[in-house]
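> Input file: data19.cif. Contents: mmCIF, C-alpha atoms.
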data_target
#
loop_
_atom_site.label_atom_id
_atom_site.label_comp_id
_atom_site.auth_asym_id
_atom_site.auth_seq_id
_atom_site.Cartn_x
_atom_site.Cartn_y
_atom_site.Cartn_z
CA MET A 1 -24.74 9.23 -7.42
CA LEU A 2 -21.06 8.42 -6.94
CA THR A 3 -19.01 11.61 -6.61
CA ILE A 4 -15.28 11.64 -7.27
CA HIS A 5 -13.40 14.44 -5.56
CA HIS A 6 -10.59 14.80 -8.03
CA LEU A 7 -7.43 16.66 -7.14
CA GLY A 8 -5.58 17.76 -10.28
CA LYS A 9 -2.27 15.92 -10.92
CA SER A 10 -2.92 13.27 -8.28
CA GLN A 11 -3.71 9.64 -7.54
CA SER A 12 -7.42 10.37 -8.00
CA GLU A 13 -6.98 10.08 -11.78
CA ARG A 14 -7.19 6.31 -11.08
CA ILE A 15 -10.78 6.57 -9.93
CA VAL A 16 -11.91 8.59 -12.96
CA TRP A 17 -10.21 6.05 -15.22
CA LEU A 18 -11.79 3.11 -13.37
CA CYS A 19 -15.29 4.55 -13.77
CA GLU A 20 -14.66 5.20 -17.47
CA GLU A 21 -13.45 1.61 -18.00
CA LEU A 22 -16.46 0.21 -16.13
CA GLY A 23 -18.97 2.62 -17.69
CA ILE A 24 -20.21 3.67 -14.25
CA PRO A 25 -21.89 7.10 -14.06
CA TYR A 26 -20.21 9.56 -11.69
CA ARG A 27 -20.10 13.22 -10.82
CA LEU A 28 -16.67 14.82 -10.99
CA GLU A 29 -15.80 17.52 -8.46
CA HIS A 30 -12.57 19.33 -9.35
CA HIS A 31 -10.09 20.53 -6.73
CA LYS A 32 -6.81 22.33 -7.34
CA ARG A 33 -3.57 22.09 -5.38
CA ASP A 34 -2.66 25.08 -3.23
CA ALA A 35 -0.58 27.43 -5.41
CA VAL A 36 2.12 27.88 -2.74
CA THR A 37 2.41 24.50 -0.97
CA ASN A 38 1.31 22.30 -3.93
CA LEU A 39 -0.76 20.29 -1.37
CA SER A 40 -4.50 19.52 -1.23
CA PRO A 41 -6.67 22.63 -0.77
CA PRO A 42 -8.44 23.14 2.60
CA GLU A 43 -11.88 22.05 1.32
CA LEU A 44 -10.53 18.64 0.31
CA ARG A 45 -8.58 18.28 3.56
CA ALA A 46 -11.81 19.02 5.44
CA MET A 47 -13.48 16.00 3.83
CA HIS A 48 -11.11 13.43 5.29
CA PRO A 49 -8.62 13.48 8.21
CA MET A 50 -5.68 12.33 6.09
CA GLY A 51 -6.18 15.24 3.68
CA THR A 52 -5.15 13.22 0.63
CA ALA A 53 -6.78 12.54 -2.73
CA PRO A 54 -8.74 10.63 -3.91
CA VAL A 55 -11.92 10.89 -1.86
CA ILE A 56 -15.31 9.63 -3.06
CA THR A 57 -18.79 10.00 -1.66
CA ASP A 58 -21.51 7.45 -2.33
CA GLY A 59 -24.68 8.03 -0.31
CA ASP A 60 -23.53 8.06 3.32
CA VAL A 61 -20.10 6.64 2.50
CA VAL A 62 -17.09 8.98 2.43
CA LEU A 63 -14.06 6.97 1.39
CA ALA A 64 -10.37 7.75 0.84
CA GLU A 65 -7.33 5.60 -0.11
CA SER A 66 -7.04 4.54 -3.77
CA GLY A 67 -6.87 0.80 -3.16
CA ALA A 68 -9.95 0.89 -0.95
CA ILE A 69 -11.94 3.03 -3.40
CA VAL A 70 -11.11 0.82 -6.37
CA ASP A 71 -12.08 -2.36 -4.46
CA TYR A 72 -15.24 -0.62 -3.20
CA ILE A 73 -16.43 0.56 -6.62
CA ILE A 74 -15.70 -2.80 -8.26
CA GLY A 75 -17.46 -4.65 -5.41
CA ARG A 76 -20.50 -2.40 -4.98
CA HIS A 77 -21.05 -1.05 -8.52
CA GLY A 78 -18.89 -3.04 -10.93
CA GLY A 79 -20.08 -6.60 -10.35
CA GLY A 80 -16.48 -7.70 -9.82
CA ARG A 81 -15.37 -6.66 -13.32
CA LEU A 82 -11.67 -5.75 -13.69
CA ALA A 83 -10.83 -7.82 -10.58
CA ARG A 84 -9.94 -11.52 -10.33
CA GLY A 85 -11.55 -13.87 -7.80
CA PRO A 86 -10.24 -16.93 -5.90
CA ALA A 87 -11.26 -19.35 -8.67
CA ASP A 88 -9.41 -17.44 -11.38
CA PRO A 89 -5.97 -18.74 -12.45
CA ASP A 90 -4.68 -15.12 -12.38
CA PHE A 91 -5.90 -14.58 -8.78
CA ALA A 92 -2.45 -14.51 -7.15
CA ASP A 93 -0.87 -12.37 -9.89
CA TYR A 94 -3.79 -9.97 -9.79
CA LEU A 95 -3.52 -9.54 -6.02
CA TYR A 96 0.24 -9.19 -6.16
CA TRP A 97 0.29 -6.36 -8.69
CA TYR A 98 -2.80 -4.70 -7.25
CA HIS A 99 -1.14 -4.34 -3.84
CA PHE A 100 2.37 -3.80 -5.22
CA ALA A 101 1.22 -0.52 -6.82
CA ASN A 102 0.54 1.45 -3.65
CA ALA A 103 2.41 -0.61 -1.04
CA SER A 104 5.74 -0.96 -2.90
CA LEU A 105 5.99 1.06 -6.14
CA GLN A 106 4.37 4.33 -5.01
CA PRO A 107 6.21 4.33 -1.62
CA VAL A 108 9.61 3.88 -3.29
CA MET A 109 8.75 6.74 -5.67
CA GLY A 110 7.71 8.80 -2.63
CA ARG A 111 10.92 8.04 -0.73
CA ASN A 112 12.97 9.14 -3.71
CA MET A 113 10.89 12.31 -4.06
CA LEU A 114 11.66 13.13 -0.44
CA LEU A 115 15.40 12.55 -0.83
CA HIS A 116 15.38 14.49 -4.12
CA ARG A 117 14.12 17.54 -2.16
CA LEU A 118 17.01 17.24 0.30
CA LYS A 119 19.60 17.62 -2.50
CA LEU A 120 21.94 15.05 -0.93
CA PRO A 121 25.37 14.34 -2.42
CA ALA A 122 25.18 11.58 -5.03
CA ASP A 123 27.19 9.16 -2.89
CA ASN A 124 25.00 9.48 0.23
CA PRO A 125 24.40 5.82 1.23
CA VAL A 126 20.70 6.34 2.04
CA LEU A 127 20.20 7.92 -1.39
CA VAL A 128 22.21 5.21 -3.13
CA SER A 129 20.22 2.38 -1.52
CA THR A 130 16.89 4.11 -2.18
CA LEU A 131 17.72 4.66 -5.85
CA GLU A 132 18.77 1.01 -6.02
CA ARG A 133 15.37 -0.01 -4.63
CA LEU A 134 13.61 2.17 -7.19
CA ASP A 135 15.55 0.53 -10.02
CA ARG A 136 14.77 -2.91 -8.57
CA ALA A 137 11.04 -2.10 -8.53
CA LEU A 138 10.98 -0.64 -12.06
CA SER A 139 13.13 -3.48 -13.45
CA TRP A 140 10.69 -5.96 -11.94
CA VAL A 141 7.70 -4.20 -13.54
CA ASP A 142 9.63 -4.10 -16.83
CA GLU A 143 10.39 -7.81 -16.64
CA ARG A 144 6.75 -8.61 -15.94
CA LEU A 145 5.59 -6.50 -18.90
CA ALA A 146 8.12 -8.13 -21.22
CA ALA A 147 6.10 -11.34 -20.88
CA ASN A 148 2.56 -10.00 -20.31
CA ALA A 149 0.52 -7.30 -22.03
CA PHE A 150 -0.88 -6.17 -18.66
CA LEU A 151 0.23 -6.63 -15.06
CA ALA A 152 -2.14 -9.45 -14.08
CA GLY A 153 -1.91 -11.21 -17.45
CA SER A 154 -3.31 -10.73 -20.95
CA GLU A 155 -6.10 -8.30 -20.06
CA LEU A 156 -6.34 -4.94 -18.32
CA THR A 157 -7.38 -5.22 -14.66
CA ALA A 158 -7.60 -2.90 -11.68
CA ALA A 159 -3.93 -3.73 -11.00
CA ASP A 160 -3.05 -1.61 -14.03
CA ILE A 161 -5.41 1.15 -12.93
CA MET A 162 -3.55 1.24 -9.60
CA ALA A 163 -0.03 1.17 -11.09
CA VAL A 164 -0.19 3.59 -14.03
CA PHE A 165 -0.31 6.81 -11.94
CA SER A 166 3.06 5.95 -10.35
CA LEU A 167 4.55 5.35 -13.81
CA THR A 168 3.17 8.56 -15.36
CA THR A 169 1.81 11.58 -13.44
CA MET A 170 3.96 10.79 -10.38
CA ARG A 171 6.96 11.68 -12.54
CA TYR A 172 5.92 15.34 -12.25
CA PHE A 173 6.99 14.97 -8.60
CA MET A 174 9.84 12.47 -8.99
CA PRO A 175 11.42 12.55 -12.46
CA VAL A 176 12.67 9.15 -13.67
CA ASP A 177 14.30 8.29 -16.99
CA PHE A 178 12.41 5.28 -18.39
CA GLY A 179 15.02 4.62 -21.09
CA PRO A 180 16.24 1.49 -19.24
CA TYR A 181 12.68 0.11 -19.06
CA PRO A 182 11.49 -0.36 -22.68
CA HIS A 183 8.67 -2.75 -21.77
CA ILE A 184 7.18 -0.18 -19.40
CA LEU A 185 7.27 2.36 -22.24
CA ALA A 186 5.54 -0.08 -24.64
CA TYR A 187 2.93 -0.75 -21.94
CA LEU A 188 2.30 2.98 -21.48
CA ARG A 189 1.69 3.24 -25.24
CA ARG A 190 -0.94 0.48 -24.92
CA ILE A 191 -2.55 2.32 -22.02
CA ALA A 192 -2.48 5.63 -23.92
CA GLY A 193 -4.38 3.98 -26.77
CA ARG A 194 -7.37 3.08 -24.58
CA GLU A 195 -10.38 5.31 -25.13
CA ALA A 196 -11.44 5.08 -21.48
CA TYR A 197 -8.00 6.31 -20.37
CA GLN A 198 -8.11 9.17 -22.88
CA ARG A 199 -11.59 10.22 -21.73
CA ALA A 200 -10.58 10.04 -18.05
CA MET A 201 -7.47 12.18 -18.47
CA GLN A 202 -9.34 14.67 -20.64
CA LYS A 203 -12.09 15.05 -18.03
CA GLY A 204 -9.86 15.00 -14.96
CA ASP A 205 -6.78 16.92 -16.07
CA PRO A 206 -7.59 18.73 -19.33
CA GLY A 207 -4.47 20.31 -20.77
CA MET A 208 -2.03 18.37 -18.57
CA ALA A 209 0.76 16.78 -20.63
CA LEU A 210 0.72 13.00 -20.09
CA LEU A 211 4.14 11.63 -19.12
CA LEU A 212 3.92 8.51 -21.24
CA THR A 213 7.44 8.47 -22.73
CA MET X 1 0.92 -27.33 2.22
CA LEU X 2 1.14 -23.56 2.60
CA THR X 3 4.69 -22.49 3.49
CA ILE X 4 5.40 -19.13 5.12
CA HIS X 5 8.92 -17.84 4.59
CA HIS X 6 9.23 -15.83 7.75
CA LEU X 7 11.94 -13.22 8.14
CA GLY X 8 12.56 -12.45 11.80
CA LYS X 9 11.42 -8.95 12.92
CA SER X 10 9.51 -8.26 9.72
CA GLN X 11 6.14 -7.79 8.09
CA SER X 12 5.85 -11.56 7.66
CA GLU X 13 4.64 -11.84 11.28
CA ARG X 14 1.26 -10.81 9.80
CA ILE X 15 0.99 -14.01 7.80
CA VAL X 16 1.80 -16.27 10.75
CA TRP X 17 -0.79 -14.41 12.83
CA LEU X 18 -3.41 -14.66 10.05
CA CYS X 19 -2.97 -18.43 9.79
CA GLU X 20 -3.21 -18.79 13.57
CA GLU X 21 -6.43 -16.73 13.66
CA LEU X 22 -7.92 -18.77 10.80
CA GLY X 23 -6.67 -22.12 12.09
CA ILE X 24 -5.06 -22.87 8.73
CA PRO X 25 -2.19 -25.39 8.81
CA TYR X 26 1.14 -24.05 7.53
CA ARG X 27 4.81 -24.83 7.47
CA LEU X 28 7.06 -22.12 8.90
CA GLU X 29 10.45 -21.57 7.29
CA HIS X 30 12.66 -19.26 9.35
CA HIS X 31 15.05 -16.74 7.80
CA LYS X 32 17.33 -14.32 9.62
CA ARG X 33 18.38 -10.82 8.61
CA ASP X 34 21.96 -10.39 7.43
CA ALA X 35 24.07 -9.57 10.51
CA VAL X 36 25.83 -6.64 8.80
CA THR X 37 23.20 -5.02 6.55
CA ASN X 38 20.10 -6.02 8.58
CA LEU X 39 18.43 -6.85 5.23
CA SER X 40 16.88 -10.09 3.94
CA PRO X 41 19.40 -12.90 3.53
CA PRO X 42 20.37 -14.05 0.00
CA GLU X 43 18.22 -17.21 0.08
CA LEU X 44 15.06 -15.16 0.68
CA ARG X 45 16.06 -12.59 -1.92
CA ALA X 46 16.52 -15.41 -4.40
CA MET X 47 12.88 -16.46 -3.95
CA HIS X 48 11.42 -13.20 -5.23
CA PRO X 49 12.83 -10.29 -7.30
CA MET X 50 11.84 -7.62 -4.75
CA GLY X 51 13.80 -9.42 -2.03
CA THR X 52 11.33 -8.50 0.72
CA ALA X 53 9.42 -10.55 3.30
CA PRO X 54 6.89 -12.06 3.51
CA VAL X 55 6.94 -14.68 0.78
CA ILE X 56 4.67 -17.72 0.74
CA THR X 57 4.57 -20.79 -1.44
CA ASP X 58 1.37 -22.76 -2.06
CA GLY X 59 1.72 -25.47 -4.69
CA ASP X 60 3.00 -23.66 -7.80
CA VAL X 61 2.23 -20.21 -6.39
CA VAL X 62 5.11 -18.09 -5.04
CA LEU X 63 3.64 -14.88 -3.66
CA ALA X 64 5.08 -11.77 -1.98
CA GLU X 65 3.53 -8.49 -0.72
CA SER X 66 1.62 -8.67 2.60
CA GLY X 67 -1.68 -7.29 1.30
CA ALA X 68 -1.72 -9.76 -1.59
CA ILE X 69 -0.83 -12.74 0.61
CA VAL X 70 -3.52 -11.95 3.20
CA ASP X 71 -6.19 -11.53 0.48
CA TYR X 72 -4.96 -14.73 -1.19
CA ILE X 73 -5.05 -16.88 1.94
CA ILE X 74 -8.47 -15.57 3.00
CA GLY X 75 -9.84 -16.09 -0.54
CA ARG X 76 -8.31 -19.51 -1.31
CA HIS X 77 -8.13 -21.10 2.14
CA GLY X 78 -10.15 -19.03 4.62
CA GLY X 79 -13.59 -19.00 2.99
CA GLY X 80 -13.64 -15.21 3.24
CA ARG X 81 -13.35 -15.17 7.04
CA LEU X 82 -11.74 -12.04 8.59
CA ALA X 83 -12.66 -10.03 5.47
CA ARG X 84 -15.85 -8.08 4.71
CA GLY X 85 -17.73 -8.40 1.41
CA PRO X 86 -19.78 -5.88 -0.64
CA ALA X 87 -23.04 -6.72 1.19
CA ASP X 88 -21.54 -6.08 4.64
CA PRO X 89 -22.23 -2.69 6.29
CA ASP X 90 -18.53 -2.53 7.31
CA PHE X 91 -17.34 -3.10 3.71
CA ALA X 92 -16.05 0.46 3.12
CA ASP X 93 -14.42 0.74 6.57
CA TYR X 94 -12.82 -2.65 6.18
CA LEU X 95 -11.34 -1.77 2.79
CA TYR X 96 -10.18 1.63 4.01
CA TRP X 97 -8.22 0.34 6.97
CA TYR X 98 -6.99 -2.73 5.12
CA HIS X 99 -5.35 -0.60 2.43
CA PHE X 100 -4.41 2.26 4.78
CA ALA X 101 -2.04 -0.09 6.65
CA ASN X 102 0.49 -0.66 3.87
CA ALA X 103 -0.29 2.22 1.50
CA SER X 104 -0.35 5.06 4.08
CA LEU X 105 0.74 4.04 7.59
CA GLN X 106 3.72 1.81 6.76
CA PRO X 107 5.05 4.22 4.06
CA VAL X 108 4.97 7.20 6.46
CA MET X 109 6.81 5.08 9.06
CA GLY X 110 9.30 4.13 6.33
CA ARG X 111 9.85 7.74 5.24
CA ASN X 112 10.55 8.73 8.84
CA MET X 113 12.94 5.80 9.25
CA LEU X 114 14.86 7.02 6.21
CA LEU X 115 15.08 10.62 7.46
CA HIS X 116 16.00 9.34 10.95
CA ARG X 117 19.08 7.70 9.39
CA LEU X 118 20.15 10.98 7.79
CA LYS X 119 20.34 12.73 11.19
CA LEU X 120 18.91 15.98 9.81
CA PRO X 121 18.62 19.08 12.00
CA ALA X 122 15.28 19.16 13.85
CA ASP X 123 14.07 22.18 11.88
CA ASN X 124 14.68 20.69 8.43
CA PRO X 125 11.40 21.39 6.56
CA VAL X 126 11.26 17.93 4.91
CA LEU X 127 11.72 16.32 8.34
CA VAL X 128 9.16 18.63 9.98
CA SER X 129 6.48 17.93 7.35
CA THR X 130 7.16 14.17 7.42
CA LEU X 131 6.87 14.02 11.21
CA GLU X 132 3.65 16.04 10.91
CA ARG X 133 2.30 13.43 8.47
CA LEU X 134 3.25 10.63 10.86
CA ASP X 135 1.41 12.35 13.70
CA ARG X 136 -1.60 12.90 11.45
CA ALA X 137 -1.71 9.19 10.57
CA LEU X 138 -1.29 8.00 14.16
CA SER X 139 -3.83 10.55 15.49
CA TRP X 140 -6.30 9.30 12.90
CA VAL X 141 -5.78 5.66 13.96
CA ASP X 142 -6.12 6.75 17.60
CA GLU X 143 -9.39 8.59 16.88
CA ARG X 144 -10.77 5.56 15.06
CA LEU X 145 -9.86 3.25 17.96
CA ALA X 146 -11.43 5.62 20.51
CA ALA X 147 -14.80 4.72 18.99
CA ASN X 148 -14.20 1.14 17.76
CA ALA X 149 -12.62 -1.91 19.38
CA PHE X 150 -10.98 -2.86 16.07
CA LEU X 151 -10.19 -0.95 12.90
CA ALA X 152 -13.11 -2.14 10.75
CA GLY X 153 -15.61 -2.10 13.63
CA SER X 154 -16.43 -4.27 16.64
CA GLU X 155 -14.54 -7.41 15.55
CA LEU X 156 -11.00 -8.24 14.54
CA THR X 157 -10.53 -8.39 10.76
CA ALA X 158 -7.60 -8.66 8.37
CA ALA X 159 -7.35 -4.84 8.54
CA ASP X 160 -5.98 -5.26 12.07
CA ILE X 161 -3.66 -8.03 10.95
CA MET X 162 -2.24 -5.65 8.35
CA ALA X 163 -1.89 -2.63 10.68
CA VAL X 164 -0.45 -4.09 13.88
CA PHE X 165 3.09 -4.69 12.55
CA SER X 166 3.49 -0.97 11.77
CA LEU X 167 2.35 -0.11 15.32
CA THR X 168 4.60 -2.65 17.05
CA THR X 169 7.62 -4.39 15.50
CA MET X 170 8.21 -1.52 13.04
CA ARG X 171 9.16 0.58 16.06
CA TYR X 172 12.42 -1.39 16.24
CA PHE X 173 13.31 0.46 13.01
CA MET X 174 11.53 3.78 13.63
CA PRO X 175 11.03 4.50 17.36
CA VAL X 176 7.82 6.42 18.14
CA ASP X 177 6.50 7.51 21.53
CA PHE X 178 2.87 6.33 21.74
CA GLY X 179 2.12 8.44 24.84
CA PRO X 180 -0.02 10.84 22.78
CA TYR X 181 -2.09 7.94 21.37
CA PRO X 182 -3.77 6.23 24.36
CA HIS X 183 -6.42 4.46 22.26
CA ILE X 184 -3.72 2.81 20.16
CA LEU X 185 -2.09 1.58 23.39
CA ALA X 186 -5.41 0.18 24.67
CA TYR X 187 -5.91 -1.53 21.29
CA LEU X 188 -2.45 -3.10 21.45
CA ARG X 189 -3.36 -4.52 24.88
CA ARG X 190 -6.46 -6.12 23.31
CA ILE X 191 -4.33 -7.55 20.51
CA ALA X 192 -1.73 -8.83 22.99
CA GLY X 193 -4.48 -10.72 24.84
CA ARG X 194 -5.41 -12.81 21.79
CA GLU X 195 -4.18 -16.38 21.95
CA ALA X 196 -3.65 -16.56 18.18
CA TYR X 197 -1.41 -13.47 18.30
CA GLN X 198 0.57 -14.91 21.22
CA ARG X 199 1.04 -18.25 19.41
CA ALA X 200 2.10 -16.48 16.19
CA MET X 201 4.71 -14.27 17.86
CA GLN X 202 6.01 -17.19 19.90
CA LYS X 203 6.43 -19.35 16.79
CA GLY X 204 7.73 -16.61 14.49
CA ASP X 205 9.95 -14.52 16.75
CA PRO X 206 10.57 -16.46 19.97
CA GLY X 207 12.39 -14.30 22.50
CA MET X 208 11.73 -11.01 20.70
CA ALA X 209 10.34 -8.36 23.06
CA LEU X 210 6.93 -7.19 21.74
CA LEU X 211 6.71 -3.39 21.48
CA LEU X 212 3.17 -3.13 22.78
CA THR X 213 3.53 -0.13 25.14
#
Could you render the structure from this file as C-alpha cells?


Amino acid sequence: MLTIHHLGKSQSERIVWLCEELGIPYRLEHHKRDAVTNLSPPELRAMHPMGTAPVITDGDVVLAESGAIVDYIIGRHGGGRLARGPADPDFADYLYWYHFANASLQPVMGRNMLLHRLKLPADNPVLVSTLERLDRALSWVDERLAANAFLAGSELTAADIMAVFSLTTMRYFMPVDFGPYPHILAYLRRIAGREAYQRAMQKGDPGMALLLT
Amino acid sequence: MLTIHHLGKSQSERIVWLCEELGIPYRLEHHKRDAVTNLSPPELRAMHPMGTAPVITDGDVVLAESGAIVDYIIGRHGGGRLARGPADPDFADYLYWYHFANASLQPVMGRNMLLHRLKLPADNPVLVSTLERLDRALSWVDERLAANAFLAGSELTAADIMAVFSLTTMRYFMPVDFGPYPHILAYLRRIAGREAYQRAMQKGDPGMALLLT
C-alpha cells in the first residue's frame, strides 16, 4: 500500500490532500520537525538524500519531490484524474499553474524567508527586489483567481493541490499579509470548504491552525 | 508555428534544445537582457505578467515556465518522446529528476546567488546552511550520474533538458566549483557532444562560452 511519510507543517500536506481528493487508500506515517532546528528529523532524512518532505513509498519505489509524487500518484493510481491531458483545452493553463507552484511561487516565498532571517534594513536593494517579486507572483495568482474559480479553470486540479501549501502553511515560515489579494482569500475559503481538504488537514496536522485568512 | 521567445543567457535555452532534440520546427525570437539591470527587457516582460523567460507562443497559447513549456511541447507536438509514462519502469525516476531541476536545484542556486550579492561574512549561519544545501543537491546529482548516463536512466530525457541549464549557464550568475563533482563534469561532456545541444546553443546564444567544465 502507498505510504505517505508526512512531516508536520510541511509540503507533504499536499500528498495527503491529493489522496483524499482521489479516494486512494494510503498509510500515513507521521514525522515531527526537530525541536531545536525545526528541520526534518533524522529518520526522514535517512529515507532520501535530500532530507526533505514529502517522501512516499509504493512497493519498491521511494519517491521525493512534491511535483513528482503528485504526477506519479495521478499517473499510476489515479487514472489521470485531477490532471489535464494534451487534448484538453485547459492543458496549457494546467501545466503552467502546476509548475508555477513549486518552480516560481514556493521559491520566491523561500527567498523571502531567507532574507527575513537576515533582518536586513528595509531599503536593502536585494530585499526590495525580492519583495517586489513576491508581490508580482501573488498579484498574478490573485488576477488569475479573479476570473477563475480554480487555477487551471472552473474545477479543482492538481495545480491547486500544488499551490495551496505556499499560500497557507508556508506562512508559518514566511508571514505575508494577504489583504492586498482578496481573490486569493476568496479562493482559500473555497478550498477550506472542501471535505477532502478538511479530512487531509485533520489527519495530517490535527490541531494546527490553518492560515486561510 | 511555435515561436520561442529566447532571452540570451537564460532558462529559455532549454526550449531551443528540446525542439532541436525532437526535430520540431520553431521560430526563434531573440531578446537581450537590459544592459543596466541584467533583467528581461520590457518587450518580453510585456508578454507575460511574471516577466521571466522562457515564453512561447503557439497559435492562441502564450505560455511561460520552463517545466510547463517542456511538458506542453512534448504532449502537443512531440508525441510523448523524451518523457516517460506510467507504464515505463523509469516513470518515478523520470518524474523525480524532471521536477527536481526547477523545484530544488534551480531554487538552491537562486538562493545562493541572492546571498552572494549580499556579501555576507563566511560564517553567517544562513549562508553556511544554504551552501550546505547546495552541496547536498550537487552531491546527490553527482551520485546519481555515477551510476546512470542520464538523470532518468540510460537515455537522455526531458529531465536532462530541465537540469542542464542550472549546471551550466546558471554559473554565470552563481559561480560554483565543480571539482568535487566529477560525475557531473563527465555528464556535461556527454551533453556537450550531442549535435542537438550544439545546434541549440549556437542558434540561441552564439558566441557565449559554455560553462561545461

> Please report the interatomic distance between CA of Leu156 in chain X and CA of His31 in chain X in Å with one decimal.

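The value is 28.2 Å.
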
> Leu95 in chain X: which residues within 12 Å, counting all atoms listed in the file, same-chain residues fewer than 2 positions away excluded, as a PyMOL selection string?

(chain A and resi 63-75) or (chain X and resi 67+71+82-86+88-93+97-103+151-153+157-160+162)

> Between CA of Pro121 in chain A and CA of Met170 in chain X, measure the distance and give it in Å to one decimal.

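We find that CA of Pro121 in chain A and CA of Met170 in chain X lie 28.0 Å from each other.
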
> Given the file shown, determine the residues that the PyMOL selection byres ((chain X and resi 177) around 12) selects; report them as JSON, numbers by chain.

{"X": [134, 135, 138, 167, 168, 171, 172, 174, 175, 176, 178, 179, 180, 181, 182, 184, 185, 211, 212, 213]}

> Leaving out range 14-26 of chain X and any residue of its chain fewer than 5 positions from it, which residues lie within 6 Å of it when counting only C-alpha atoms, given as a ChimeraX atom specification?

/X:2-3,161,196-197,200

> Give me, please, the distance in Å between CA of Phe150 in chain A and CA of Gln198 in chain A, quoted to one decimal.

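CA of Gln198 in chain A lies at a distance of 17.5 Å from CA of Phe150 in chain A.
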
> Which is closer to chain X than all the others in A:Ala137, A:Leu44, A:Val164, A:Leu28, using only C-alpha atoms?

A:Ala137

> Calculated over all atoms listed in the file, which of the candidates A:His116, A:His183, A:His5, A:His30 has the smallest distance to Asp142 in chain A?

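Closest residue, counting all atoms listed in the file: A:His183.
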
> Determine the nearest neighbour of Arg189 in chain X from the options X:Leu210, X:Leu114, X:Ile4, X:Ala46, counting all atoms listed in the file.

X:Leu210

> Spell out the residues picked by the PyMOL selection byres ((chain A and resi 7) around 8) here, as number ranges by chain.

A: 5-6, 8-12, 30-33, 40, 53-54

> Would you please work out which residue, of A:Ala209, A:Val62, A:Ala186, A:Met47, is nearest to chain X when using all atoms listed in the file?

A:Val62

> Calculated over only C-alpha atoms, which of the candidates X:Val55, X:Ala35, X:Val126, X:Leu188 has the smallest distance to chain A?

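The shortest atom-to-atom distance to chain A comes from X:Val126.
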
> Since I can't run it myself right now, could you work out what the PyMOL selection byres ((chain X and resi 115) around 10) selects here and report it as a VMD selection string?

(chain A and resid 111 114 to 115 118 126) or (chain X and resid 110 to 114 116 to 120 126 to 127 130 to 131 174)

> So, with all atoms listed in the file as the atoms that count, which of X:Ile56, X:Ile191, X:Val36, X:Met208 lies closest to chain A?

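Comparing X:Ile56, X:Ile191, X:Val36, X:Met208 against chain A, the winner is X:Ile56.
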